[in-house]
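Q: Below is protein.cif; it holds mmCIF, C-alpha atoms.
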data_coords
loop_
_atom_site.group_PDB
_atom_site.id
_atom_site.type_symbol
_atom_site.label_atom_id
_atom_site.label_comp_id
_atom_site.auth_asym_id
_atom_site.auth_seq_id
_atom_site.Cartn_x
_atom_site.Cartn_y
_atom_site.Cartn_z
ATOM 1 C CA MET D 25 0.000 0.000 0.000
ATOM 2 C CA GLN D 26 1.116 3.512 -0.738
ATOM 3 C CA LEU D 27 0.965 6.199 1.952
ATOM 4 C CA ASN D 28 -1.262 8.375 -0.239
ATOM 5 C CA ASP D 29 -3.695 5.766 -1.599
ATOM 6 C CA GLY D 30 -6.541 6.773 0.741
ATOM 7 C CA ARG D 31 -6.799 3.446 2.562
ATOM 8 C CA VAL D 32 -7.249 3.302 6.303
ATOM 9 C CA ILE D 33 -3.974 1.643 7.378
ATOM 10 C CA PRO D 34 -1.638 3.863 5.309
ATOM 11 C CA ASN D 35 -3.673 6.931 6.349
ATOM 12 C CA PHE D 36 -3.465 6.048 10.044
ATOM 13 C CA MET D 37 0.236 5.231 9.859
ATOM 14 C CA LYS D 38 1.078 8.422 7.968
ATOM 15 C CA GLN D 39 -0.966 10.577 10.343
ATOM 16 C CA ALA D 40 0.428 8.831 13.444
ATOM 17 C CA LEU D 41 4.019 9.271 12.263
ATOM 18 C CA ARG D 42 3.378 12.971 11.667
ATOM 19 C CA GLY D 43 1.624 13.434 15.014
ATOM 20 C CA GLU D 44 -1.580 14.449 13.211
ATOM 21 C CA PRO D 45 -5.124 13.561 14.253
ATOM 22 C CA LEU D 46 -6.212 10.170 12.899
ATOM 23 C CA THR D 47 -9.081 10.634 10.460
ATOM 24 C CA VAL D 48 -12.103 8.390 10.845
ATOM 25 C CA TYR D 49 -14.843 8.849 8.275
ATOM 26 C CA GLY D 50 -18.443 8.670 9.437
ATOM 27 C CA ASP D 51 -19.015 7.420 12.958
ATOM 28 C CA GLY D 52 -16.446 4.649 12.604
ATOM 29 C CA SER D 53 -19.067 1.907 12.558
ATOM 30 C CA GLN D 54 -18.178 0.776 9.043
ATOM 31 C CA THR D 55 -15.925 -2.262 8.913
ATOM 32 C CA ARG D 56 -12.853 -3.262 6.950
ATOM 33 C CA SER D 57 -11.013 -6.510 6.543
ATOM 34 C CA PHE D 58 -7.308 -6.837 5.924
ATOM 35 C CA CYS D 59 -5.407 -9.720 4.399
ATOM 36 C CA TYR D 60 -1.650 -9.931 4.816
ATOM 37 C CA VAL D 61 0.182 -9.974 1.496
ATOM 38 C CA SER D 62 1.767 -13.421 1.908
ATOM 39 C CA ASP D 63 -1.666 -14.928 2.627
ATOM 40 C CA GLU D 64 -3.107 -13.134 -0.400
ATOM 41 C CA ILE D 65 -0.322 -14.376 -2.680
ATOM 42 C CA ASP D 66 -0.715 -17.936 -1.384
ATOM 43 C CA GLY D 67 -4.430 -17.782 -2.231
ATOM 44 C CA PHE D 68 -3.766 -16.396 -5.715
ATOM 45 C CA LEU D 69 -1.153 -19.057 -6.414
ATOM 46 C CA ARG D 70 -3.483 -21.838 -5.280
ATOM 47 C CA LEU D 71 -6.226 -20.405 -7.463
ATOM 48 C CA SER D 72 -3.910 -20.141 -10.486
ATOM 49 C CA LYS D 73 -2.942 -23.824 -10.103
ATOM 50 C CA SER D 74 -6.544 -24.978 -9.711
ATOM 51 C CA ASP D 75 -9.149 -25.858 -12.318
ATOM 52 C CA GLU D 76 -11.453 -23.122 -11.010
ATOM 53 C CA HIS D 77 -12.266 -20.522 -13.660
ATOM 54 C CA LEU D 78 -14.966 -18.565 -11.845
ATOM 55 C CA PRO D 79 -14.277 -15.684 -9.456
ATOM 56 C CA LEU D 80 -13.866 -16.378 -5.769
ATOM 57 C CA ASN D 81 -12.853 -14.262 -2.812
ATOM 58 C CA ILE D 82 -9.294 -14.356 -1.552
ATOM 59 C CA GLY D 83 -9.328 -12.182 1.561
ATOM 60 C CA ASN D 84 -9.656 -12.140 5.302
ATOM 61 C CA PRO D 85 -13.208 -12.429 6.701
ATOM 62 C CA ASN D 86 -12.271 -10.865 10.046
ATOM 63 C CA GLU D 87 -13.787 -7.391 10.294
ATOM 64 C CA PHE D 88 -12.447 -4.370 12.153
ATOM 65 C CA HIS D 89 -14.016 -1.025 12.991
ATOM 66 C CA ASP D 90 -11.780 1.931 12.130
ATOM 67 C CA PRO D 91 -11.450 3.417 15.646
ATOM 68 C CA GLY D 92 -10.795 -0.052 17.067
ATOM 69 C CA MET D 93 -7.593 -0.198 15.033
ATOM 70 C CA ARG D 94 -6.213 3.087 16.360
ATOM 71 C CA PRO D 95 -4.349 1.780 19.410
ATOM 72 C CA ASP D 96 -2.280 -0.643 17.329
ATOM 73 C CA GLY D 97 -1.142 1.847 14.699
ATOM 74 C CA ALA D 98 -0.734 4.843 16.967
ATOM 75 C CA GLU D 99 0.861 3.035 19.886
ATOM 76 C CA ASP D 100 3.447 1.285 17.718
ATOM 77 C CA ASN D 101 4.662 4.641 16.411
ATOM 78 C CA GLY D 102 4.697 6.426 19.753
ATOM 79 C CA SER D 103 1.974 8.762 18.527
ATOM 80 C CA LYS D 104 -0.290 10.736 20.836
ATOM 81 C CA SER D 105 -2.683 11.420 17.952
ATOM 82 C CA GLN D 106 -6.329 12.162 18.620
ATOM 83 C CA ILE D 107 -9.181 10.866 16.459
ATOM 84 C CA ARG D 108 -10.808 13.374 14.095
ATOM 85 C CA TYR D 109 -14.190 12.452 12.614
ATOM 86 C CA GLU D 110 -15.038 13.554 9.084
ATOM 87 C CA PRO D 111 -18.213 13.010 7.035
ATOM 88 C CA LEU D 112 -18.509 9.596 5.417
ATOM 89 C CA PRO D 113 -17.866 9.863 1.654
ATOM 90 C CA PRO D 114 -20.963 8.830 -0.344
ATOM 91 C CA ASP D 115 -19.171 5.926 -2.055
ATOM 92 C CA ASP D 116 -17.585 4.557 1.131
ATOM 93 C CA PRO D 117 -18.678 0.955 1.742
ATOM 94 C CA LYS D 118 -20.244 0.293 5.137
ATOM 95 C CA GLN D 119 -18.953 -3.264 5.373
ATOM 96 C CA ARG D 120 -16.010 -5.207 3.981
ATOM 97 C CA ARG D 121 -16.129 -8.904 4.735
ATOM 98 C CA PRO D 122 -15.284 -11.338 1.972
ATOM 99 C CA ASP D 123 -17.033 -14.701 1.937
ATOM 100 C CA ILE D 124 -14.134 -17.130 1.516
ATOM 101 C CA THR D 125 -16.244 -20.307 1.617
ATOM 102 C CA LYS D 126 -15.306 -21.266 -1.964
ATOM 103 C CA ALA D 127 -11.599 -20.625 -1.328
ATOM 104 C CA ARG D 128 -11.739 -22.899 1.726
ATOM 105 C CA GLN D 129 -13.653 -25.628 -0.110
ATOM 106 C CA LEU D 130 -11.940 -25.548 -3.514
ATOM 107 C CA LEU D 131 -8.418 -24.461 -2.591
ATOM 108 C CA GLY D 132 -8.055 -25.488 1.047
ATOM 109 C CA TRP D 133 -7.064 -21.879 1.650
ATOM 110 C CA GLU D 134 -7.692 -19.360 4.383
ATOM 111 C CA PRO D 135 -5.588 -16.533 5.808
ATOM 112 C CA GLU D 136 -3.131 -17.365 8.581
ATOM 113 C CA ILE D 137 -1.717 -13.977 9.626
ATOM 114 C CA ASP D 138 -3.931 -11.787 11.816
ATOM 115 C CA LEU D 139 -3.984 -7.997 11.603
ATOM 116 C CA GLU D 140 -1.860 -7.331 14.692
ATOM 117 C CA THR D 141 0.852 -9.777 13.583
ATOM 118 C CA GLY D 142 0.867 -8.304 10.088
ATOM 119 C CA LEU D 143 1.144 -4.722 11.336
ATOM 120 C CA ARG D 144 4.004 -5.597 13.683
ATOM 121 C CA SER D 145 6.065 -7.560 11.151
ATOM 122 C CA ARG D 146 8.764 -5.745 9.273
#
Please go through the file and, once you have read it, give me the structure as structure tokens.

A:
Amino acid sequence: MQLNDGRVIPNFMKQALRGEPLTVYGDGSQTRSFCYVSDEIDGFLRLSKSDEHLPLNIGNPNEFHDPGMRPDGAEDNGSKSQIRYEPLPPDDPKQRRPDITKARQLLGWEPEIDLETGLRSR
């Protein structure tokens, strides 16, 4: 992820490193799911080696609320950043939770690295 791509983790990290308020859009009740890159690549590779030709979700079904992530990102960087709430953009999805049932059944795949472990690895 790029620091300026508008996604929640790069935004929080960039703002925490700069000592800026962490921006949460809406009331923070919308959810996101995050899949660590090595898990994602493993899923893609399994899919590419399979006979499956229809789309299926390769992602992490564990959901997080934006403000609930703040302590991890801010604390790791020594930030004392406050949370700043901004209006929810009209095209912002309220929920992100991929259904990975087909990936489990057809590929024997599911993510192994949780969000905290992924954020702490370097």

Q: Between atom CA of Leu80 of chain D and atom CA of Ser57 of chain D, measure the distance and give it in Å to one decimal.

A: 16.0 Å

Q: Counting all atoms listed in the file, find the residues whose atoms lie at most 12 Å from (-19.6, 2.1, 2.1) (file coordinates) and write them out as a PyMOL selection string.

A: chain D and resi 49-50+52-56+112-121

Q: Ranking D:Gly30, D:Gly142, D:Gly67, D:Gly43 by minimum distance to Lys126 of chain D and counting only C-alpha atoms, which one comes first?

A: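 Of all the options, D:Gly67 lies closest to Lys126 of chain D.
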
Q: Return the single residue from D:Leu130, D:Pro111, D:Asp138, D:Pro45 that is closest to Asn86 of chain D, with distances computed using all atoms listed in the file.

A: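 Distance minimum relative to Asn86 of chain D lands on D:Asp138.
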
Q: So what does the PyMOL selection byres ((chain D and resi 105-109) around 6) actually pick up in this one, as a VMD selection string?

A: chain D and resid 43 to 49 103 to 104 110

Q: To one decimal place, how far is atom CA of Thr125 of chain D from atom CA of Arg144 of chain D in Å?

A: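 It comes out at 27.8 Å.
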
Q: Given all atoms listed in the file as the basis, pick out the residue of D:Asn28, D:Cys59, D:Leu41, D:Phe68 nearest to Glu140 of chain D.

A: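 Closest candidate: D:Cys59.
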
Q: So how far away is atom CA of Ile124 of chain D from atom CA of Pro34 of chain D, in Å?

A: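 That distance, rounded to one decimal, is 24.7 Å.
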
Q: From the list D:Ala127, D:Ile33, D:Ala40, D:Leu143, which residue is nearest Glu64 of chain D when using all atoms listed in the file?

A: D:Ala127

Q: Point out the residue among D:Leu71, D:Val61, D:Leu139, D:Leu27 with the least atom-to-atom distance to Glu87 of chain D, counting only C-alpha atoms.

A: D:Leu139

Q: Can you give me, as a ChimeraX atom specification, the residues this file yields under the PyMOL selection byres ((chain D and resi 134) around 9)?

A: /D:63,67,82-84,124,127-128,131-133,135-136

Q: Put the listed atoms of segment 60-65 of chain D in a box along x, y and z with 5 Å added on every side and give me the centre and edge lengths in Å to one decimal, as AutoDock Vina command-line options.

A:
--center_x -0.7 --center_y -12.4 --center_z 1.1 --size_x 14.9 --size_y 15.0 --size_z 17.5
